[in-house]
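Participant: Data: upload29.cif, mmCIF, C-alpha atoms.
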data_structure
#
loop_
_atom_site.label_atom_id
_atom_site.label_comp_id
_atom_site.auth_asym_id
_atom_site.auth_seq_id
_atom_site.Cartn_x
_atom_site.Cartn_y
_atom_site.Cartn_z
CA MET A 106 8.40 48.25 -16.61
CA ARG A 107 4.78 47.88 -17.50
CA LYS A 108 3.75 48.11 -13.85
CA ILE A 109 5.63 51.34 -13.38
CA ARG A 110 4.19 52.93 -16.47
CA LEU A 111 0.68 51.90 -15.51
CA LEU A 112 1.07 53.31 -12.06
CA ILE A 113 2.43 56.52 -13.43
CA LEU A 114 -0.63 56.92 -15.55
CA LEU A 115 -2.88 56.26 -12.61
CA PHE A 116 -1.12 58.47 -10.14
CA VAL A 117 0.19 61.37 -12.11
CA GLY A 118 -2.94 63.40 -11.46
CA ALA A 119 -2.76 62.74 -7.74
CA ALA A 120 0.90 63.58 -7.67
CA LEU A 121 0.30 66.97 -9.12
CA MET A 122 -2.37 67.59 -6.52
CA TRP A 123 -0.71 66.17 -3.41
CA GLY A 124 3.00 65.88 -4.16
CA PRO A 125 5.45 68.24 -2.55
CA VAL A 126 4.92 71.71 -3.95
CA SER A 127 8.60 71.85 -4.72
CA LEU A 128 8.49 68.99 -7.18
CA GLN A 129 5.72 70.46 -9.23
CA ALA A 130 7.87 73.10 -10.79
CA MET A 131 11.06 71.39 -11.84
CA ASP A 132 10.98 72.76 -15.35
CA LYS A 133 12.21 76.11 -14.12
CA GLU A 134 15.79 76.87 -13.15
CA ALA A 135 16.79 78.22 -9.77
CA ASN A 136 18.82 81.39 -9.49
CA THR A 137 19.74 81.07 -5.82
CA ILE A 138 20.69 78.16 -3.59
CA ASP A 139 17.63 78.78 -1.44
CA GLU A 140 15.42 78.68 -4.50
CA LEU A 141 17.10 75.49 -5.65
CA VAL A 142 16.71 73.87 -2.25
CA SER A 143 13.07 74.91 -2.01
CA MET A 144 12.39 73.33 -5.41
CA PHE A 145 13.44 70.06 -3.83
CA ASP A 146 12.16 70.70 -0.34
CA GLU A 147 12.82 67.65 1.81
CA SER A 148 11.92 69.21 5.12
CA SER A 149 8.69 67.22 5.47
CA CYS A 150 10.38 63.82 5.01
CA ILE A 151 11.46 63.80 8.65
CA ASP A 152 7.84 63.94 9.80
CA CYS A 153 7.34 60.27 8.95
CA HIS A 154 10.91 59.05 8.46
CA GLU A 155 12.69 60.44 11.52
CA GLU A 156 14.91 57.42 12.12
CA ILE A 157 16.02 57.34 8.51
CA HIS A 158 16.56 61.09 8.57
CA ASN A 159 18.76 60.78 11.65
CA GLN A 160 20.79 58.02 10.04
CA TRP A 161 21.24 60.08 6.90
CA SER A 162 22.20 63.17 8.93
CA ASP A 163 25.26 61.29 10.15
CA SER A 164 26.16 60.06 6.69
CA TRP A 165 28.63 61.48 4.20
CA HIS A 166 25.72 61.93 1.82
CA ALA A 167 24.52 64.68 4.17
CA GLN A 168 27.76 66.60 3.65
CA SER A 169 28.59 65.54 0.14
CA VAL A 170 29.62 69.02 -1.01
CA VAL A 171 31.22 70.51 2.09
CA SER A 172 33.25 67.35 2.73
CA SER A 173 34.76 67.58 -0.75
CA LEU A 174 35.58 71.27 -0.99
CA GLY A 175 39.30 70.66 -1.51
CA SER A 176 38.83 68.13 -4.28
CA ILE A 177 36.23 70.15 -6.15
CA THR A 178 38.30 73.30 -5.78
CA SER A 179 41.26 71.46 -7.24
CA PHE A 180 39.11 70.43 -10.19
CA ILE A 181 38.08 74.04 -10.75
CA GLU A 182 41.42 75.72 -10.17
CA ASN A 183 43.83 73.13 -11.49
CA GLY A 184 41.67 71.12 -13.84
CA LEU A 185 39.40 73.61 -15.55
CA LYS A 186 41.42 76.82 -15.33
CA LYS A 187 45.03 75.67 -15.61
CA GLU A 188 45.09 72.33 -17.40
CA TRP A 189 42.06 72.54 -19.65
CA GLU A 190 42.16 76.33 -19.95
CA THR A 191 38.40 76.38 -20.12
CA GLU A 192 35.63 78.35 -18.52
CA VAL A 193 33.83 77.34 -15.40
CA THR A 194 30.35 76.46 -16.62
CA LYS A 195 27.40 74.50 -15.34
CA GLY A 196 28.28 71.70 -17.75
CA GLN A 197 31.77 71.48 -16.28
CA MET A 198 30.53 71.69 -12.70
CA LEU A 199 28.11 68.85 -13.30
CA LYS A 200 31.18 66.61 -13.57
CA CYS A 201 31.42 66.94 -9.80
CA LEU A 202 28.02 68.10 -8.69
CA ASP A 203 25.74 65.78 -10.65
CA CYS A 204 26.76 63.29 -7.96
CA HIS A 205 27.74 65.53 -5.04
CA ALA A 206 24.50 67.57 -5.32
CA PRO A 207 22.19 66.26 -8.03
CA VAL A 208 19.79 69.19 -7.62
CA ILE A 209 22.41 71.27 -9.43
CA ASN A 210 20.84 70.00 -12.64
CA TYR A 211 18.06 72.50 -11.95
CA ALA A 212 20.33 75.46 -11.23
CA SER A 213 20.65 78.23 -13.77
CA GLU A 214 23.97 78.64 -15.54
CA LYS A 215 24.59 81.73 -13.42
CA LEU A 216 23.87 79.93 -10.15
CA ALA A 217 26.05 76.96 -11.07
CA VAL A 218 28.98 79.28 -11.69
CA GLU A 219 28.29 81.12 -8.43
CA ILE A 220 28.28 77.80 -6.60
CA ALA A 221 31.67 77.01 -8.14
CA GLU A 222 32.99 80.35 -6.87
CA MET A 223 31.56 79.66 -3.43
CA ILE A 224 33.27 76.28 -3.33
CA VAL A 225 36.61 77.88 -4.11
CA THR A 226 36.00 80.59 -1.50
CA ALA A 227 35.00 78.04 1.13
CA ALA A 228 38.16 76.04 0.49
CA LYS A 229 40.62 78.91 0.18
CA GLU A 230 39.14 81.12 2.90
CA LYS A 231 38.59 78.30 5.37
CA GLY A 232 38.23 79.63 8.89
CA LYS A 233 37.68 83.18 7.68
CA PRO A 234 34.27 84.92 7.57
CA ALA A 235 33.95 84.71 3.78
CA GLY A 236 34.91 81.05 3.72
CA ASP A 237 32.65 80.12 6.60
CA ALA A 238 29.72 81.98 5.04
CA ALA A 239 30.25 80.20 1.73
CA LYS A 240 30.50 76.83 3.46
CA LYS A 241 27.28 77.49 5.37
CA GLU A 242 25.45 78.14 2.12
CA LEU A 243 27.02 75.14 0.40
CA ALA A 244 25.98 72.89 3.28
CA LYS A 245 22.45 73.17 1.91
CA LEU A 246 23.58 71.19 -1.13
CA ARG A 247 23.94 67.46 -0.59
CA VAL A 248 22.77 64.03 -1.58
CA GLY A 249 19.38 64.35 0.05
CA CYS A 250 16.22 62.28 0.08
CA LEU A 251 15.10 63.31 -3.37
CA SER A 252 18.53 62.83 -4.90
CA CYS A 253 18.05 59.08 -4.66
CA HIS A 254 14.31 58.74 -4.24
CA ASN A 255 13.49 60.84 -7.26
CA LEU A 256 16.29 62.38 -9.30
CA LYS A 257 18.49 59.28 -9.64
CA ALA A 258 15.80 56.67 -8.98
CA LEU A 259 15.28 55.60 -12.57
CA ALA A 260 18.44 56.96 -14.14
CA VAL A 261 20.20 53.60 -14.31
CA ALA A 262 17.91 52.52 -17.13
CA PRO A 263 16.02 55.62 -18.21
CA HIS A 264 14.63 54.20 -21.41
CA TRP A 265 13.64 50.90 -19.88
CA ASN A 266 12.02 52.62 -16.91
CA GLY A 267 10.42 55.44 -18.78
CA PRO A 268 10.45 59.05 -17.67
CA ARG A 269 10.90 60.04 -14.07
CA GLU A 270 7.79 61.55 -12.60
CA GLU A 271 8.09 64.90 -10.94
CA GLY A 272 6.59 64.74 -7.48
CA MET A 273 6.88 60.99 -7.26
CA ILE A 274 8.75 59.29 -4.45
CA TYR A 275 10.47 56.15 -5.65
CA GLY A 276 11.38 53.46 -3.17
CA PRO A 277 12.56 49.86 -3.23
CA HIS A 278 9.14 48.55 -2.23
CA GLY A 279 6.73 51.23 -3.39
CA GLU A 280 4.92 51.15 -0.07
CA ASP A 281 1.75 53.15 0.26
CA ALA A 282 2.50 56.41 2.08
CA GLY A 283 -1.10 57.47 2.40
CA ASP A 284 -1.74 61.10 1.68
CA ALA A 285 1.85 62.11 2.37
CA HIS A 286 3.07 61.40 -1.14
CA GLU A 287 2.65 59.04 -4.01
CA THR A 288 5.12 56.19 -4.15
CA LEU A 289 6.31 53.92 -6.89
CA GLU A 290 8.49 50.87 -6.68
CA SER A 291 11.92 51.26 -8.22
CA ILE A 292 13.60 47.90 -8.15
CA ASP A 293 16.70 49.69 -9.41
CA MET A 294 17.22 51.12 -5.94
CA THR A 295 17.94 47.65 -4.58
CA ARG A 296 20.65 46.97 -7.13
CA SER A 297 24.34 47.81 -7.19
CA ALA A 298 23.88 49.52 -10.52
CA PHE A 299 21.95 52.23 -8.70
CA CYS A 300 24.90 53.14 -6.47
CA MET A 301 27.28 52.74 -9.38
CA GLN A 302 25.80 55.80 -11.03
CA CYS A 303 28.08 57.81 -8.79
CA HIS A 304 30.35 55.35 -7.01
CA GLY A 305 32.34 54.48 -10.06
CA ILE A 306 33.80 56.10 -13.12
CA TYR A 307 31.49 58.95 -14.04
CA THR A 308 31.06 59.68 -17.71
CA ALA A 309 30.00 63.26 -18.32
CA ALA A 310 27.72 64.43 -21.12
CA ASP A 311 30.73 65.48 -23.18
CA GLY A 312 32.39 62.09 -22.76
CA GLU A 313 35.00 63.11 -20.18
CA THR A 314 35.53 60.47 -17.52
CA ILE A 315 35.89 61.44 -13.89
CA GLN A 316 37.46 58.81 -11.69
CA CYS A 317 36.76 59.79 -8.10
CA ASN A 318 36.81 56.13 -7.26
CA THR A 319 36.64 52.86 -9.07
CA LEU A 320 34.52 50.78 -6.74
CA SER A 321 32.06 49.80 -9.43
CA GLY A 322 34.76 48.61 -11.78
CA SER A 323 36.24 46.42 -9.10
CA TYR A 324 32.79 45.19 -8.03
CA GLN A 325 31.91 44.14 -11.55
CA ASN A 326 35.24 42.92 -12.82
CA ALA A 327 36.71 41.29 -9.74
CA TYR A 328 33.90 40.51 -7.27
CA VAL A 329 31.03 39.55 -9.55
CA ALA A 330 33.46 37.89 -11.93
CA LYS A 331 34.49 35.54 -9.13
CA GLY A 332 30.92 34.65 -8.29
CA GLY A 333 30.10 37.31 -5.72
CA SER A 334 26.47 38.28 -5.68
CA ASN A 335 25.95 40.61 -2.73
CA THR A 336 24.87 44.12 -3.63
CA CYS A 337 26.29 47.41 -2.39
CA GLN A 338 23.14 47.81 -0.32
CA ASP A 339 23.56 44.40 1.35
CA CYS A 340 26.66 45.64 3.16
CA HIS A 341 26.52 49.41 3.12
CA MET A 342 22.89 49.72 4.19
CA ASP A 343 23.33 47.26 7.03
CA GLY A 344 23.14 50.30 9.31
CA GLY A 345 20.43 52.00 7.26
CA HIS A 346 20.83 55.34 5.56
CA ILE A 347 24.10 56.17 7.30
CA PHE A 348 25.82 54.11 4.58
CA HIS A 349 28.83 52.96 6.57
CA GLY A 350 31.99 52.75 4.50
CA GLY A 351 35.72 53.10 4.71
CA ARG A 352 35.54 55.84 7.33
CA ASP A 353 33.87 53.49 9.76
CA LEU A 354 36.36 51.23 11.51
CA ASP A 355 33.83 48.50 12.25
CA MET A 356 32.90 48.40 8.59
CA VAL A 357 36.56 48.13 7.60
CA LYS A 358 36.99 45.28 10.09
CA LYS A 359 34.03 43.48 8.56
CA GLY A 360 35.66 43.76 5.17
CA ILE A 361 39.14 42.54 6.09
CA GLY A 362 40.23 39.32 7.74
CA PHE A 363 43.63 39.24 9.47
CA ASN A 364 45.29 35.99 10.52
CA VAL A 365 48.82 36.15 11.90
CA GLN A 366 51.04 33.12 12.50
CA ILE A 367 54.39 33.60 14.19
CA ASN A 368 56.94 30.80 13.99
CA PRO A 369 60.20 31.20 15.93
CA TYR A 370 63.23 29.20 14.86
CA LYS A 371 67.01 29.37 15.02
CA HIS A 372 68.85 30.09 11.77
CA LEU A 373 71.93 28.15 10.72
CA PRO A 374 75.19 29.57 12.15
CA GLY A 375 77.42 31.52 9.80
CA GLN A 376 74.75 32.59 7.38
CA ILE A 377 73.52 35.82 8.93
CA LYS A 378 75.88 38.78 8.71
CA ASP A 379 76.65 41.30 11.43
CA VAL A 380 75.68 39.20 14.43
CA LYS A 381 77.77 39.29 17.58
CA GLU A 382 78.77 35.65 17.47
CA PRO A 383 78.75 34.30 13.88
CA GLY A 384 79.32 30.76 15.05
CA LYS A 385 76.10 30.56 17.03
CA TRP A 386 72.57 29.70 16.01
CA VAL A 387 70.69 32.92 15.19
CA PRO A 388 67.34 33.62 16.91
CA SER A 389 64.85 34.14 14.08
CA ALA A 390 61.20 34.10 13.27
CA VAL A 391 58.94 33.81 10.28
CA VAL A 392 55.74 35.80 10.46
CA THR A 393 53.06 34.72 8.04
CA ILE A 394 50.04 36.93 7.60
CA PHE A 395 46.88 36.04 5.75
CA ILE A 396 44.82 39.08 4.77
CA GLU A 397 41.38 38.33 3.41
CA ASN A 398 39.39 40.84 1.43
CA LYS A 399 35.81 40.01 2.36
CA ALA A 400 34.34 43.08 0.69
CA GLY A 401 32.70 43.21 -2.70
CA HIS A 402 35.40 45.41 -4.17
CA ARG A 403 39.10 46.11 -4.00
CA ILE A 404 40.56 47.47 -0.77
CA PRO A 405 41.47 50.24 -0.46
CA ASP A 406 39.34 52.20 -2.85
CA GLY A 407 37.01 55.15 -2.94
CA MET B 267 65.33 45.66 15.68
CA PHE B 268 63.29 44.66 12.64
CA SER B 269 60.64 46.48 10.69
CA ASP B 270 59.02 45.81 7.36
CA GLN B 271 55.79 46.71 5.67
CA LYS B 272 53.65 45.92 2.70
CA LYS B 273 51.41 48.55 1.13
CA TYR B 274 48.26 47.98 -0.89
CA PHE B 275 47.03 50.84 -3.02
CA GLU B 276 46.15 51.86 -6.51
CA ILE B 277 48.12 54.21 -8.70
CA GLY B 278 46.03 56.55 -10.80
CA ARG B 279 47.58 57.43 -14.16
CA ASP B 280 46.80 60.01 -16.80
CA MET B 281 46.91 59.36 -20.55
CA GLU B 282 50.67 59.83 -20.58
CA GLY B 283 51.17 57.27 -17.87
CA ARG B 284 51.97 59.81 -15.16
CA MET B 285 50.87 59.17 -11.57
CA ARG B 286 47.94 61.44 -10.73
CA TYR B 287 45.58 62.21 -7.88
CA GLY B 288 42.99 64.43 -9.59
CA ALA B 289 39.75 62.63 -10.40
CA TRP B 290 39.62 64.44 -13.76
CA GLN B 291 43.20 63.40 -14.55
CA ILE B 292 43.01 59.69 -13.77
CA LYS B 293 42.12 57.59 -16.79
CA GLU B 294 43.77 54.30 -15.90
CA ILE B 295 45.06 52.64 -12.75
CA VAL B 296 47.76 50.24 -11.71
CA ASP B 297 46.02 47.99 -9.25
CA LEU B 298 48.11 47.09 -6.20
CA THR B 299 45.12 46.62 -3.92
CA LEU B 300 43.70 43.64 -2.11
CA GLN B 301 41.36 41.90 -4.51
CA PRO B 302 37.88 40.82 -3.42
CA MET B 303 37.25 37.19 -2.56
CA GLU B 304 40.98 36.56 -2.24
CA ILE B 305 43.30 35.84 0.65
CA LYS B 306 46.71 37.43 0.34
CA LYS B 307 49.65 35.74 2.05
CA GLU B 308 52.58 37.82 3.21
CA GLN B 309 55.67 36.36 4.87
CA PHE B 310 58.38 38.20 6.75
CA MET B 311 61.57 36.49 7.84
CA MET B 312 63.44 38.20 10.62
CA ASN B 313 66.81 37.43 12.16
CA PHE B 314 67.90 38.83 15.51
CA ASP B 315 71.29 39.00 17.16
CA THR B 316 72.79 35.91 18.72
CA ASP B 317 72.26 37.17 22.27
CA VAL B 318 68.56 37.98 21.91
CA GLU B 319 66.51 35.88 24.31
CA ASN B 320 63.09 37.53 24.07
CA VAL B 321 61.33 39.53 21.39
CA GLU B 322 57.91 41.02 21.05
CA ILE B 323 56.56 40.73 17.54
CA GLU B 324 53.70 42.98 16.52
CA ALA B 325 51.76 42.75 13.28
CA VAL B 326 49.65 45.80 12.54
CA LEU B 327 47.13 46.38 9.78
CA THR B 328 46.56 50.10 9.19
CA TYR B 329 43.90 51.52 6.92
CA PHE B 330 44.45 54.97 5.44
CA VAL B 331 41.09 56.39 4.50
CA SER B 332 42.90 59.49 3.27
CA GLY B 333 46.35 60.94 3.47
CA LYS B 334 45.36 62.63 6.71
CA LYS B 335 43.44 59.91 8.51
CA LYS B 336 44.49 56.42 9.40
CA ASP B 337 43.02 53.71 11.59
CA VAL B 338 44.64 50.66 13.10
CA VAL B 339 42.32 47.88 12.04
CA TYR B 340 44.13 45.01 13.69
CA SER B 341 47.16 44.75 15.95
CA ILE B 342 48.41 41.39 17.10
CA LYS B 343 51.34 41.01 19.50
CA GLU B 344 53.16 37.89 20.55
CA ASN B 345 56.16 37.40 22.82
CA ILE B 346 58.58 34.69 21.89
CA ALA B 347 61.55 33.39 23.84
CA PHE B 348 64.70 31.83 22.43
CA ASP B 349 66.76 29.23 24.24
CA ILE B 350 70.23 30.65 23.77
CA ASP B 351 72.92 27.96 23.55
#
Translate the structure of the given file into structure tokens.
Facilitator:
Amino acid sequence: MRKIRLLILLFVGAALMWGPVSLQAMDKEANTIDELVSMFDESSCIDCHEEIHNQWSDSWHAQSVVSSLGSITSFIENGLKKEWETEVTKGQMLKCLDCHAPVINYASEKLAVEIAEMIVTAAKEKGKPAGDAAKKELAKLRVGCLSCHNLKALAVAPHWNGPREEGMIYGPHGEDAGDAHETLESIDMTRSAFCMQCHGIYTAADGETIQCNTLSGSYQNAYVAKGGSNTCQDCHMDGGHIFHGGRDLDMVKKGIGFNVQINPYKHLPGQIKDVKEPGKWVPSAVVTIFIENKAGHRIPDG
Amino acid sequence: MFSDQKKYFEIGRDMEGRMRYGAWQIKEIVDLTLQPMEIKKEQFMMNFDTDVENVEIEAVLTYFVSGKKKDVVYSIKENIAFDID
């Protein structure tokens, strides 16, 4: 805590001078997706972090909006409009997009509503020019570098950590990046609580809970409660920033043990109905299967 | 000849106890999943006809990552022979 605050004081001047131009102006609100994306320009990250960038490019974080068009559209069309009979607003859209595209926090009210309309168009007009155009625009919104390494970096314990610095790159080790950018250590990023900001029950500003998945509840209440101490990162960052999960068969295999024992026997005559010869011993078997959940949370989930 | 299955999943419920899929609707769950740090034992007893001499038994573990996509995680086959009297 003290270390972070001290470093912030020391580096804030440098950050304003050398930090990405985009991060120097986060007080303003974007009115277009391009403007929003440019405010959080991550295009230079690849210059030094190509391997990590390539891993992330193959991750679901890299398509966190376009891979969830159906679900978010259902929230808008069925949840907001039909069930809640309420307007589509930025505040409502944050219930999905604060996690699926954290930069949305810096979108204007008008842009947030336009993004909602684009999501619906992309889902409903899939394969048609309007839908494809909307999807192409929405693909610019995702869980990018700055989503974790700045926007969400300190959000687990905002008061304990102090304010997030605009222009700062937070990392688990706070390694010196030279002139490229200022860096601060965020120990939070090594902890499960960091991932649990989104991979669990999300509580919106108005108190509504959104239960996309319950991994964090299971992690805390079943895994940790039984003595488990591995973090989300221990398993899901084994392959780096691709964040292997339930869509990766090897990852699923790592998480589940499967032991099958087959025991043939002959059942007592006269006890099994509908066999050809009731007086004979009946060929039978008992199959015993042991399924071990080796993951840090319930399976399936997410 | 014989088929049986066991499903593990969670049931999302709204505030009126109705099964739901929408993330905004689910407020509670019924947990029928595999719990972490536990080994679940399942047993299946199967009886064949009196003239069956050979059977192939296959145990398959399938993971449904969504309603549209499934993967066979494990598949174990074993042939057993019966000495018919």
Participant: Within 6 Å of chain B, which residues of chain A are there when counting only C-alpha atoms? Please give them as a count of residues only.
Facilitator: 23
Participant: Give as a tab-separated table (two decimals) with C-alpha atoms, keeping the file's coordinate frame the residues that the PyMOL selection byres ((chain A and resi 151-160) around 12) matches when applied to the coordinates above.
Facilitator:
chain	number	residue	atom	x	y	z
A	146	ASP	CA	12.16	70.70	-0.34
A	147	GLU	CA	12.82	67.65	1.81
A	148	SER	CA	11.92	69.21	5.12
A	149	SER	CA	8.69	67.22	5.47
A	150	CYS	CA	10.38	63.82	5.01
A	161	TRP	CA	21.24	60.08	6.90
A	162	SER	CA	22.20	63.17	8.93
A	163	ASP	CA	25.26	61.29	10.15
A	164	SER	CA	26.16	60.06	6.69
A	165	TRP	CA	28.63	61.48	4.20
A	166	HIS	CA	25.72	61.93	1.82
A	167	ALA	CA	24.52	64.68	4.17
A	249	GLY	CA	19.38	64.35	0.05
A	250	CYS	CA	16.22	62.28	0.08
A	282	ALA	CA	2.50	56.41	2.08
A	283	GLY	CA	-1.10	57.47	2.40
A	284	ASP	CA	-1.74	61.10	1.68
A	285	ALA	CA	1.85	62.11	2.37
A	286	HIS	CA	3.07	61.40	-1.14
A	342	MET	CA	22.89	49.72	4.19
A	343	ASP	CA	23.33	47.26	7.03
A	344	GLY	CA	23.14	50.30	9.31
A	345	GLY	CA	20.43	52.00	7.26
A	346	HIS	CA	20.83	55.34	5.56
A	347	ILE	CA	24.10	56.17	7.30
A	348	PHE	CA	25.82	54.11	4.58
A	349	HIS	CA	28.83	52.96	6.57
Participant: Report as JSON, numbers by chain the full result of the PyMOL selection byres ((chain A and resi 372) around 6) when it is applied to this structure.
Facilitator: {"A": [371, 373, 386, 387]}
Participant: Quick check, in Å to one decimal: how far apart do atom CA of Ser172 of chain A and atom CA of Lys195 of chain A lie?
Facilitator: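 A separation of 20.3 Å between them.
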Participant: Between atom CA of Cys201 of chain A and atom CA of Asn255 of chain A, what is the spacing in Å?
Facilitator: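 According to the coordinates, atom CA of Asn255 of chain A and atom CA of Cys201 of chain A are separated by 19.1 Å.
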Participant: Between atom CA of Leu174 of chain A and atom CA of Glu282 of chain B, measure the distance and give it in Å to one decimal.
Facilitator: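 Rounded to one decimal, the two atoms are 27.2 Å apart.
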Participant: Take the PyMOL selection byres ((chain A and resi 248) around 9), run it mentally on this structure, and tell me the resulting residues as a list in words.
Facilitator: Trp165, His166, Ala167, Gln168, Ser169, Val170, Cys204, His205, Ala206, Pro207, Val208, Leu246, Arg247, Gly249, Cys250, Leu251, Ser252 and Cys253 of chain A
Participant: Box in all listed atoms of segment 310-318 of chain B, axis-aligned, with 5 Å more on each side; write out centre and edge lengths in Å to one decimal as AutoDock Vina command-line options.
Facilitator:
--center_x 65.6 --center_y 37.5 --center_z 14.5 --size_x 24.4 --size_y 13.1 --size_z 25.5
Participant: Can segment 191-198 of chain A be brought up to all heavy atoms and written out as a PDB file, in the frame of the given file?
Facilitator:
ATOM      1  N   THR A 191      39.783  76.222 -19.697  1.00  0.00           N
ATOM      2  CA  THR A 191      38.400  76.380 -20.120  1.00  0.00           C
ATOM      3  C   THR A 191      37.603  77.124 -19.059  1.00  0.00           C
ATOM      4  O   THR A 191      38.033  77.239 -17.915  1.00  0.00           O
ATOM      5  CB  THR A 191      37.776  74.993 -20.409  1.00  0.00           C
ATOM      6  OG1 THR A 191      36.518  75.178 -21.043  1.00  0.00           O
ATOM      7  CG2 THR A 191      37.583  74.187 -19.142  1.00  0.00           C
ATOM      8  N   GLU A 192      36.465  77.582 -19.442  1.00  0.00           N
ATOM      9  CA  GLU A 192      35.630  78.350 -18.520  1.00  0.00           C
ATOM     10  C   GLU A 192      34.929  77.451 -17.524  1.00  0.00           C
ATOM     11  O   GLU A 192      34.661  76.285 -17.796  1.00  0.00           O
ATOM     12  CB  GLU A 192      34.567  79.129 -19.309  1.00  0.00           C
ATOM     13  CG  GLU A 192      35.091  80.316 -20.071  1.00  0.00           C
ATOM     14  CD  GLU A 192      33.959  81.061 -20.759  1.00  0.00           C
ATOM     15  OE1 GLU A 192      32.837  81.098 -20.217  1.00  0.00           O
ATOM     16  OE2 GLU A 192      34.206  81.588 -21.849  1.00  0.00           O
ATOM     17  N   VAL A 193      34.637  78.038 -16.391  1.00  0.00           N
ATOM     18  CA  VAL A 193      33.830  77.340 -15.400  1.00  0.00           C
ATOM     19  C   VAL A 193      32.367  77.511 -15.813  1.00  0.00           C
ATOM     20  O   VAL A 193      31.858  78.634 -15.842  1.00  0.00           O
ATOM     21  CB  VAL A 193      34.048  77.909 -13.983  1.00  0.00           C
ATOM     22  CG1 VAL A 193      33.168  77.181 -12.971  1.00  0.00           C
ATOM     23  CG2 VAL A 193      35.513  77.810 -13.599  1.00  0.00           C
ATOM     24  N   THR A 194      31.749  76.421 -16.171  1.00  0.00           N
ATOM     25  CA  THR A 194      30.350  76.460 -16.620  1.00  0.00           C
ATOM     26  C   THR A 194      29.549  75.426 -15.839  1.00  0.00           C
ATOM     27  O   THR A 194      30.116  74.564 -15.155  1.00  0.00           O
ATOM     28  CB  THR A 194      30.240  76.122 -18.112  1.00  0.00           C
ATOM     29  OG1 THR A 194      30.705  74.765 -18.298  1.00  0.00           O
ATOM     30  CG2 THR A 194      31.057  77.073 -18.975  1.00  0.00           C
ATOM     31  N   LYS A 195      28.257  75.492 -15.987  1.00  0.00           N
ATOM     32  CA  LYS A 195      27.400  74.500 -15.340  1.00  0.00           C
ATOM     33  C   LYS A 195      27.740  73.101 -15.856  1.00  0.00           C
ATOM     34  O   LYS A 195      27.829  72.142 -15.088  1.00  0.00           O
ATOM     35  CB  LYS A 195      25.929  74.831 -15.625  1.00  0.00           C
ATOM     36  CG  LYS A 195      24.948  73.814 -15.052  1.00  0.00           C
ATOM     37  CD  LYS A 195      23.505  74.196 -15.352  1.00  0.00           C
ATOM     38  CE  LYS A 195      22.547  73.094 -14.934  1.00  0.00           C
ATOM     39  NZ  LYS A 195      21.137  73.447 -15.209  1.00  0.00           N
ATOM     40  N   GLY A 196      27.949  73.003 -17.161  1.00  0.00           N
ATOM     41  CA  GLY A 196      28.280  71.700 -17.750  1.00  0.00           C
ATOM     42  C   GLY A 196      29.545  71.117 -17.131  1.00  0.00           C
ATOM     43  O   GLY A 196      29.621  69.908 -16.879  1.00  0.00           O
ATOM     44  N   GLN A 197      30.539  71.975 -16.900  1.00  0.00           N
ATOM     45  CA  GLN A 197      31.770  71.480 -16.280  1.00  0.00           C
ATOM     46  C   GLN A 197      31.531  71.114 -14.817  1.00  0.00           C
ATOM     47  O   GLN A 197      32.022  70.103 -14.334  1.00  0.00           O
ATOM     48  CB  GLN A 197      32.873  72.548 -16.377  1.00  0.00           C
ATOM     49  CG  GLN A 197      33.292  72.901 -17.798  1.00  0.00           C
ATOM     50  CD  GLN A 197      33.992  71.760 -18.521  1.00  0.00           C
ATOM     51  OE1 GLN A 197      34.198  70.674 -17.976  1.00  0.00           O
ATOM     52  NE2 GLN A 197      34.333  71.988 -19.776  1.00  0.00           N
ATOM     53  N   MET A 198      30.773  71.946 -14.121  1.00  0.00           N
ATOM     54  CA  MET A 198      30.530  71.690 -12.700  1.00  0.00           C
ATOM     55  C   MET A 198      29.701  70.435 -12.461  1.00  0.00           C
ATOM     56  O   MET A 198      29.794  69.795 -11.406  1.00  0.00           O
ATOM     57  CB  MET A 198      29.861  72.901 -12.040  1.00  0.00           C
ATOM     58  CG  MET A 198      30.779  74.106 -11.897  1.00  0.00           C
ATOM     59  SD  MET A 198      32.373  73.689 -11.158  1.00  0.00           S
ATOM     60  CE  MET A 198      31.891  73.097  -9.539  1.00  0.00           C
TER      61      MET A 198
END
